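All remarks here apply to the structure that follows.
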Number of protein chains: 2
Amino acid sequence: MAIHGTRGPAQLVLTASVARRYYLDGRSKVEIAQEFSLSRFKVARLLDDARASGLVRIEIGHPGSVDVELSDRLMSTLGLKHCVVTDTPDDVPATVRAHLGTAAAELLTEIITPDDVLGLSWARSVSAMANALERLAPVPVVQLTGALARPGVDDSSIEVVRDVARVAGGPAYFFYAPMAVPDAATAQALRRQPEVAQAFSRIDSVTRAVAGVGAWAPEQSTLYDATGEAERQELARRGVCAEISGVLVDADGKPVRSELTDRMIGITAEQMRAIPEVIAIVYGGAKVRAVLAAVRGGMVNSLVTHSTLAEALIAAAGE
Amino acid sequence: MAIHGTRGPAQLVLTASVARRYYLDGRSKVEIAQEFSLSRFKVARLLDDARASGLVRIEIGHPGSVDVELSDRLMSTLGLKHCVVTDTPDDVPATVRAHLGTAAAELLTEIITPDDVLGLSWARSVSAMANALERLAPVPVVQLTGALARPGVDDSSIEVVRDVARVAGGPAYFFYAPMAVPDAATAQALRRQPEVAQAFSRIDSVTRAVAGVGAWAPEQSTLYDATGEAERQELARRGVCAEISGVLVDADGKPVRSELTDRMIGITAEQMRAIPEVIAIVYGGAKVRAVLAAVRGGMVNSLVTHSTLAEALIAAAGE
DNA sequence: CGAAGTTCCGCTCATATGAGCGAGGAGGGC
DNA sequence: GCCCTCCTCGCTCATATGAGCGGAACTTCG
């Protein structure tokens, strides 16, 4: 018997004919059986052979920049609600961010319905999404955390909530406050500010949120970079692995409470977990563990990312 | 609406997921519908979309040197019983002949059953097939025509019938006589020779035959090359287009009787048409019209050829 | 604001399909 | 040569599937 599971060229060609009629011309097996004077069972077996021997190849394709096959695999692997993986080359962070921003914007445009309430975290990737956003159902948009001013970085991104709300045509619940303040008392006071309180009161009704995911390492999280060395190490010692919209979690995705928690202005771990869908826009190979932690902890259940990270995530999740 | 028939990335990924489960994992639409909480109709529509948009690509493949897809197309186009097209490069005639010989030998090994009676024509391609033949059901093998000695060409091919019969392990009906003789009387006399008469008496019981196809042009038919200039032109004038085992037919495949016919030692047009399956081994781009004529006339109903000629045949048949 | 077209959805029912089974046939070991 | 085994084939019956239909929602005009 030949490698292909066929006996000779006639068999091979017959199989190919049957396969073409079935797969390409869309005829039914019964029709084909009649045409070739075979039993429909024989036709079915020929088709099985054709599949098994690789005579018929079925591929799930690449009609755009979205790697649908990889998206699907990542979605299944991590049990996500939505997943968009672009096959953007990942060498220039700004380019990746822009591409992912566009992809996320399209995703959001597609899935947001007028009944939703949208929450936005403070992150450059979220800002990139806002820039790419062209259309959105008229939903309320809620700011989930204070902003962190990064020296030398354009901070217009604080306007993200307002920008998105303008595109959507819905109310904006936003405030000007930092993500973390020096002490718990100040945080407490800030939270009582009318704009902050109003935004916070809406957090529990948020149905979909968009955030970034940071790893607890230099340059991998805005919050990390804004934290003092001693506290960084203390938090690292306590297992902090990922940061999502100011929420810190360990490798299992369990929230890590700390002194820093009380000084934060923003959504809590419990609130974040309660949001039905949290979409994270993530890029960079260093964030594998962080993303896995965020997903395992139920903080994030949708992803927009690029193929390199997606593959690394699938590989790492399999272990 | 996007080009792909999908509305956005989520739709795209969903479609891809469904397609993967259906086409790659072989799950049923009902199962998939349950998994994704969709109606099975929705799943069916997504799959239709996926096919229509090119998200799912199905190809009939090339697992060997046989171009199954092209074979199939040629078979359908010309209404052949069997068809084997190899994708042999067609620049070196001897190589092509050897490849086609092998392919034809495999085909014959596969389709000949012990109930068959095999007829063989005199042609280099048939000889090539005989050389490649390794196994054959024990059937009688019948010589269909006399041989034409070509100066400077190895004529051991007259032994083809004996060789094939030896491989098969069946009786051989062969004779030593030329394909054409100078006058009808000689032909008549030769036909009465015991070996010749015996072979001829078997022709009507032949169930499958293998032959070459010649075009009526220099170097395109052994018979043409062995015919005098005057007769060549006379026959060309009468529309001779193809030569199959000594039988001459016009462009419509209708036999052309002539003075030459009476001088031939071999199968007649009527006998050839009566053979259930005549397999022609053909190569060379110059034979397009000849092959079409032979097939249209019902002289040939199976083909072993190479991709260039196959494509030309399909193109020419479509006109 | 209303009407008409358009699209999308899920139903019914006839048909196609797959799983599993037993009969028949070919091939191999004794 | 004979028997045994393995393989192939086509059947039955439960299930999956496709065609066509009518209703709902959404658009697009007037």
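Every chain in the structure tokens takes a letter, A first, then B, and so on in the order presented; its residues are numbered from 1, and the ligands are numbered from 1 following the presented order.
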
Determine, counting only C-alpha atoms (C1' of nucleotides), which protein, DNA and RNA residues have an atom within 10 Å of an atom of DG27 (chain C); residues of the same chain fewer than 5 positions away are not included. Present the result as number ranges by chain. D: 5-7

Output C-alpha atoms (C1' of nucleotides) for every residue in that selection, as a PDB file, in the first residue's frame.
ATOM      1  C1'  DT D   5      -7.832 -14.005   9.650  1.00  0.00           C
ATOM      2  C1'  DC D   6      -8.271  -9.620   8.045  1.00  0.00           C
ATOM      3  C1'  DC D   7     -10.380  -6.457   5.087  1.00  0.00           C
TER       4       DC D   7
END

Based on only C-alpha atoms (C1' of nucleotides), which of the residues in chain B come within 12 Å of chain D? I want them as JSON, numbers by chain. {"B": [27, 28, 29, 30, 31, 40, 41, 43, 44, 45, 48]}

Just C-alpha atoms for this one: save the residues we selected as a compact mmCIF listing (two decimals), in the first residue's frame.
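The new file again_5.txt reads:
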# COMPACT_ATOMS: atom_id res chain seq x y z
CA ARG B 27 -17.14 18.09 15.20
CA SER B 28 -20.77 18.24 14.16
CA LYS B 29 -22.60 21.50 13.68
CA VAL B 30 -24.95 20.66 16.50
CA GLU B 31 -22.07 20.14 18.89
CA ARG B 40 -27.15 25.15 14.37
CA PHE B 41 -28.45 27.34 11.56
CA VAL B 43 -23.32 27.77 12.68
CA ALA B 44 -24.19 26.66 9.17
CA ARG B 45 -24.34 30.27 8.03
CA ASP B 48 -20.99 29.22 4.55

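With only C-alpha atoms (C1' of nucleotides) taken into account, the protein and nucleic acid residues at most 6 Å from region 240-244 of chain B (excluding it and anything under 2 positions from it in its own chain) are Val213, Gly214, Ala215, Trp216, Leu235, Ala236, Arg238, Gly246, Val247, Leu248, Val249, Asp250, Ala251 and Ala290 of chain B.
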
Kindly export the residues of the current selection with C-alpha atoms, as a CSV table (one decimal), in the first residue's frame.
chain,number,residue,atom,x,y,z
B,213,VAL,CA,-1.6,8.7,-30.3
B,214,GLY,CA,0.2,10.2,-33.3
B,215,ALA,CA,-0.5,13.5,-35.0
B,216,TRP,CA,-0.4,13.6,-38.8
B,235,LEU,CA,-4.3,11.7,-46.4
B,236,ALA,CA,-3.8,15.2,-44.9
B,238,ARG,CA,-8.7,14.1,-46.6
B,246,GLY,CA,-2.5,2.4,-37.2
B,247,VAL,CA,-6.1,3.7,-37.3
B,248,LEU,CA,-6.4,7.1,-39.0
B,249,VAL,CA,-9.1,9.6,-37.9
B,250,ASP,CA,-10.1,13.1,-38.9
B,251,ALA,CA,-10.6,16.0,-36.6
B,290,ALA,CA,-4.9,14.5,-32.4

Find the residues of chain C that sit at most 12 Å from chain B; for each, write down the nearest two atoms and how far apart they are in Å, to one decimal. Count only C-alpha atoms (C1' of nucleotides). Sort by chain, then by number going up, and give it as a Markdown table.
| residue | atom | partner | partner_atom | distance |
| --- | --- | --- | --- | --- |
| C:DC8 | C1' | B:Lys42 | CA | 9.8 |
| C:DC9 | C1' | B:Lys42 | CA | 8.1 |
| C:DG10 | C1' | B:Phe41 | CA | 7.2 |
| C:DC11 | C1' | B:Phe41 | CA | 10.2 |
| C:DT17 | C1' | B:Ser28 | CA | 10.9 |
| C:DG18 | C1' | B:Ser28 | CA | 10.6 |

As a list in words, could you give me every residue of chain B near chain A (at most 7 Å apart, counting only C-alpha atoms)?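 So the residues of chain B near chain A are Gly8, Pro9, Ala10, Leu12, Val13, Ala16, Ser17, Arg20, Leu55, Val56, Arg57, Ile58, Glu59, Ile60, Gly61, His62, Pro63, Val68, Glu69, Ser71, Asp72, His82, Val84, Glu106, Leu107 and Glu110 of chain B.
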
Any chance you could list, as a ChimeraX atom specification, the residues in region 67-181 of chain A that come up strand (DSSP E or B) when DSSP is run on the backbone? /A:82-86,118-120,141-143,145,147,172-173,178,180

Quick one: everything within 12 Å of region 314-317 of chain B, counting only C-alpha atoms (C1' of nucleotides), minus sequence neighbours fewer than 3 positions away in the same chain. Send it as an MDAnalysis selection string. chainID B and resid 70:79 285 287:293 295:296 307:311

Any chance you could export the current selection's N, CA and C atoms as a tab-separated table (two decimals), in the first residue's frame?
chain	number	residue	atom	x	y	z
B	70	LEU	N	-5.62	18.02	-11.77
B	70	LEU	CA	-5.62	18.18	-13.23
B	70	LEU	C	-6.14	16.90	-13.90
B	71	SER	N	-5.74	15.77	-13.38
B	71	SER	CA	-6.23	14.50	-13.91
B	71	SER	C	-7.74	14.49	-13.88
B	72	ASP	N	-8.26	14.90	-12.75
B	72	ASP	CA	-9.70	14.91	-12.57
B	72	ASP	C	-10.36	15.85	-13.57
B	73	ARG	N	-9.78	17.03	-13.71
B	73	ARG	CA	-10.39	18.00	-14.61
B	73	ARG	C	-10.37	17.50	-16.04
B	74	LEU	N	-9.24	16.91	-16.42
B	74	LEU	CA	-9.15	16.39	-17.79
B	74	LEU	C	-10.14	15.24	-17.98
B	75	MET	N	-10.25	14.43	-16.97
B	75	MET	CA	-11.17	13.30	-17.05
B	75	MET	C	-12.60	13.80	-17.25
B	76	SER	N	-12.98	14.79	-16.45
B	76	SER	CA	-14.34	15.34	-16.58
B	76	SER	C	-14.51	16.00	-17.94
B	77	THR	N	-13.53	16.80	-18.31
B	77	THR	CA	-13.66	17.58	-19.53
B	77	THR	C	-13.83	16.68	-20.74
B	78	LEU	N	-13.06	15.63	-20.81
B	78	LEU	CA	-13.11	14.78	-21.99
B	78	LEU	C	-14.00	13.55	-21.78
B	79	GLY	N	-14.54	13.42	-20.58
B	79	GLY	CA	-15.39	12.27	-20.33
B	79	GLY	C	-14.65	10.95	-20.39
B	285	GLY	N	3.39	18.74	-26.90
B	285	GLY	CA	2.38	19.77	-27.10
B	285	GLY	C	1.74	19.75	-28.48
B	287	LYS	N	0.33	17.43	-29.94
B	287	LYS	CA	-0.68	16.38	-30.13
B	287	LYS	C	-2.06	16.76	-29.62
B	288	VAL	N	-2.25	18.02	-29.33
B	288	VAL	CA	-3.54	18.44	-28.77
B	288	VAL	C	-4.69	18.04	-29.69
B	289	ARG	N	-4.64	18.45	-30.93
B	289	ARG	CA	-5.75	18.17	-31.85
B	289	ARG	C	-5.91	16.67	-32.06
B	290	ALA	N	-4.79	15.98	-32.16
B	290	ALA	CA	-4.85	14.54	-32.39
B	290	ALA	C	-5.56	13.83	-31.24
B	291	VAL	N	-5.21	14.19	-30.03
B	291	VAL	CA	-5.82	13.54	-28.88
B	291	VAL	C	-7.31	13.85	-28.83
B	292	LEU	N	-7.65	15.11	-29.06
B	292	LEU	CA	-9.07	15.48	-29.06
B	292	LEU	C	-9.83	14.66	-30.10
B	293	ALA	N	-9.24	14.51	-31.28
B	293	ALA	CA	-9.89	13.74	-32.34
B	293	ALA	C	-10.07	12.29	-31.90
B	295	VAL	N	-10.24	11.06	-28.96
B	295	VAL	CA	-11.22	10.93	-27.88
B	295	VAL	C	-12.63	11.15	-28.43
B	296	ARG	N	-12.79	12.18	-29.25
B	296	ARG	CA	-14.12	12.47	-29.81
B	296	ARG	C	-14.64	11.31	-30.63
B	307	SER	N	1.31	17.29	-17.53
B	307	SER	CA	0.45	18.42	-17.21
B	307	SER	C	0.34	19.45	-18.34
B	308	THR	N	1.43	19.72	-19.03
B	308	THR	CA	1.36	20.72	-20.09
B	308	THR	C	0.32	20.35	-21.14
B	309	LEU	N	0.42	19.10	-21.59
B	309	LEU	CA	-0.54	18.66	-22.60
B	309	LEU	C	-1.95	18.61	-22.02
B	310	ALA	N	-2.05	18.19	-20.78
B	310	ALA	CA	-3.37	18.10	-20.15
B	310	ALA	C	-4.03	19.48	-20.12
B	311	GLU	N	-3.26	20.48	-19.75
B	311	GLU	CA	-3.84	21.82	-19.69
B	311	GLU	C	-4.22	22.32	-21.07

Neighbour list for Ala274 (chain A) as a count of residues only, cut-off 10 Å, only C-alpha atoms (C1' of nucleotides), skip fewer than 6 positions in-chain: 8

Can you list, as a ChimeraX atom specification, every residue of region 19-58 of chain B that DSSP puts in alpha helix (DSSP H)? /B:19,29-36,40-53

Go ahead and dump the residues you just picked, C-alpha atoms, as a PDB file, in the first residue's frame.
ATOM      1  CA  ALA B  19     -14.625  26.564  11.017  1.00  0.00           C
ATOM      2  CA  LYS B  29     -22.600  21.501  13.675  1.00  0.00           C
ATOM      3  CA  VAL B  30     -24.953  20.659  16.502  1.00  0.00           C
ATOM      4  CA  GLU B  31     -22.068  20.144  18.890  1.00  0.00           C
ATOM      5  CA  ILE B  32     -20.476  23.391  17.826  1.00  0.00           C
ATOM      6  CA  ALA B  33     -23.773  25.200  18.170  1.00  0.00           C
ATOM      7  CA  GLN B  34     -24.078  23.979  21.736  1.00  0.00           C
ATOM      8  CA  GLU B  35     -20.501  24.868  22.579  1.00  0.00           C
ATOM      9  CA  PHE B  36     -20.895  28.416  21.336  1.00  0.00           C
ATOM     10  CA  ARG B  40     -27.147  25.154  14.366  1.00  0.00           C
ATOM     11  CA  PHE B  41     -28.454  27.337  11.555  1.00  0.00           C
ATOM     12  CA  LYS B  42     -26.251  30.135  12.660  1.00  0.00           C
ATOM     13  CA  VAL B  43     -23.321  27.770  12.681  1.00  0.00           C
ATOM     14  CA  ALA B  44     -24.192  26.659   9.170  1.00  0.00           C
ATOM     15  CA  ARG B  45     -24.339  30.267   8.027  1.00  0.00           C
ATOM     16  CA  LEU B  46     -21.007  31.066   9.639  1.00  0.00           C
ATOM     17  CA  LEU B  47     -19.501  28.106   7.839  1.00  0.00           C
ATOM     18  CA  ASP B  48     -20.994  29.223   4.545  1.00  0.00           C
ATOM     19  CA  ASP B  49     -19.523  32.648   5.173  1.00  0.00           C
ATOM     20  CA  ALA B  50     -16.171  31.155   5.979  1.00  0.00           C
ATOM     21  CA  ARG B  51     -16.141  29.253   2.721  1.00  0.00           C
ATOM     22  CA  ALA B  52     -17.456  32.137   0.650  1.00  0.00           C
ATOM     23  CA  SER B  53     -15.048  34.658   2.117  1.00  0.00           C
TER      24      SER B  53
END

Residues within 7 Å of Ile267 (chain B), please, as number ranges by chain. Count only C-alpha atoms (C1' of nucleotides); anything in the same chain fewer than 4 positions from it doesn't count. B: 144-145, 271-272

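CA of Val139 (chain B) to CA of Ser37 (chain A) spans 25.4 Å [interatomic distance, one decimal].
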
Skip Val161 (chain A) itself and residues of its chain fewer than 2 positions away, then list as a ChimeraX atom specification all residues within 9 Å of it, counting only C-alpha atoms (C1' of nucleotides). /A:119-121,130,141-143,157-159,163-166,172-174

CA of Ala137 (chain A) and CA of Val117 (chain A) are how many Å apart?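 So the answer is 10.1 Å.
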
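Reported to one decimal place, the separation of CA of Thr261 (chain A) from CA of Glu234 (chain A) is 13.0 Å.
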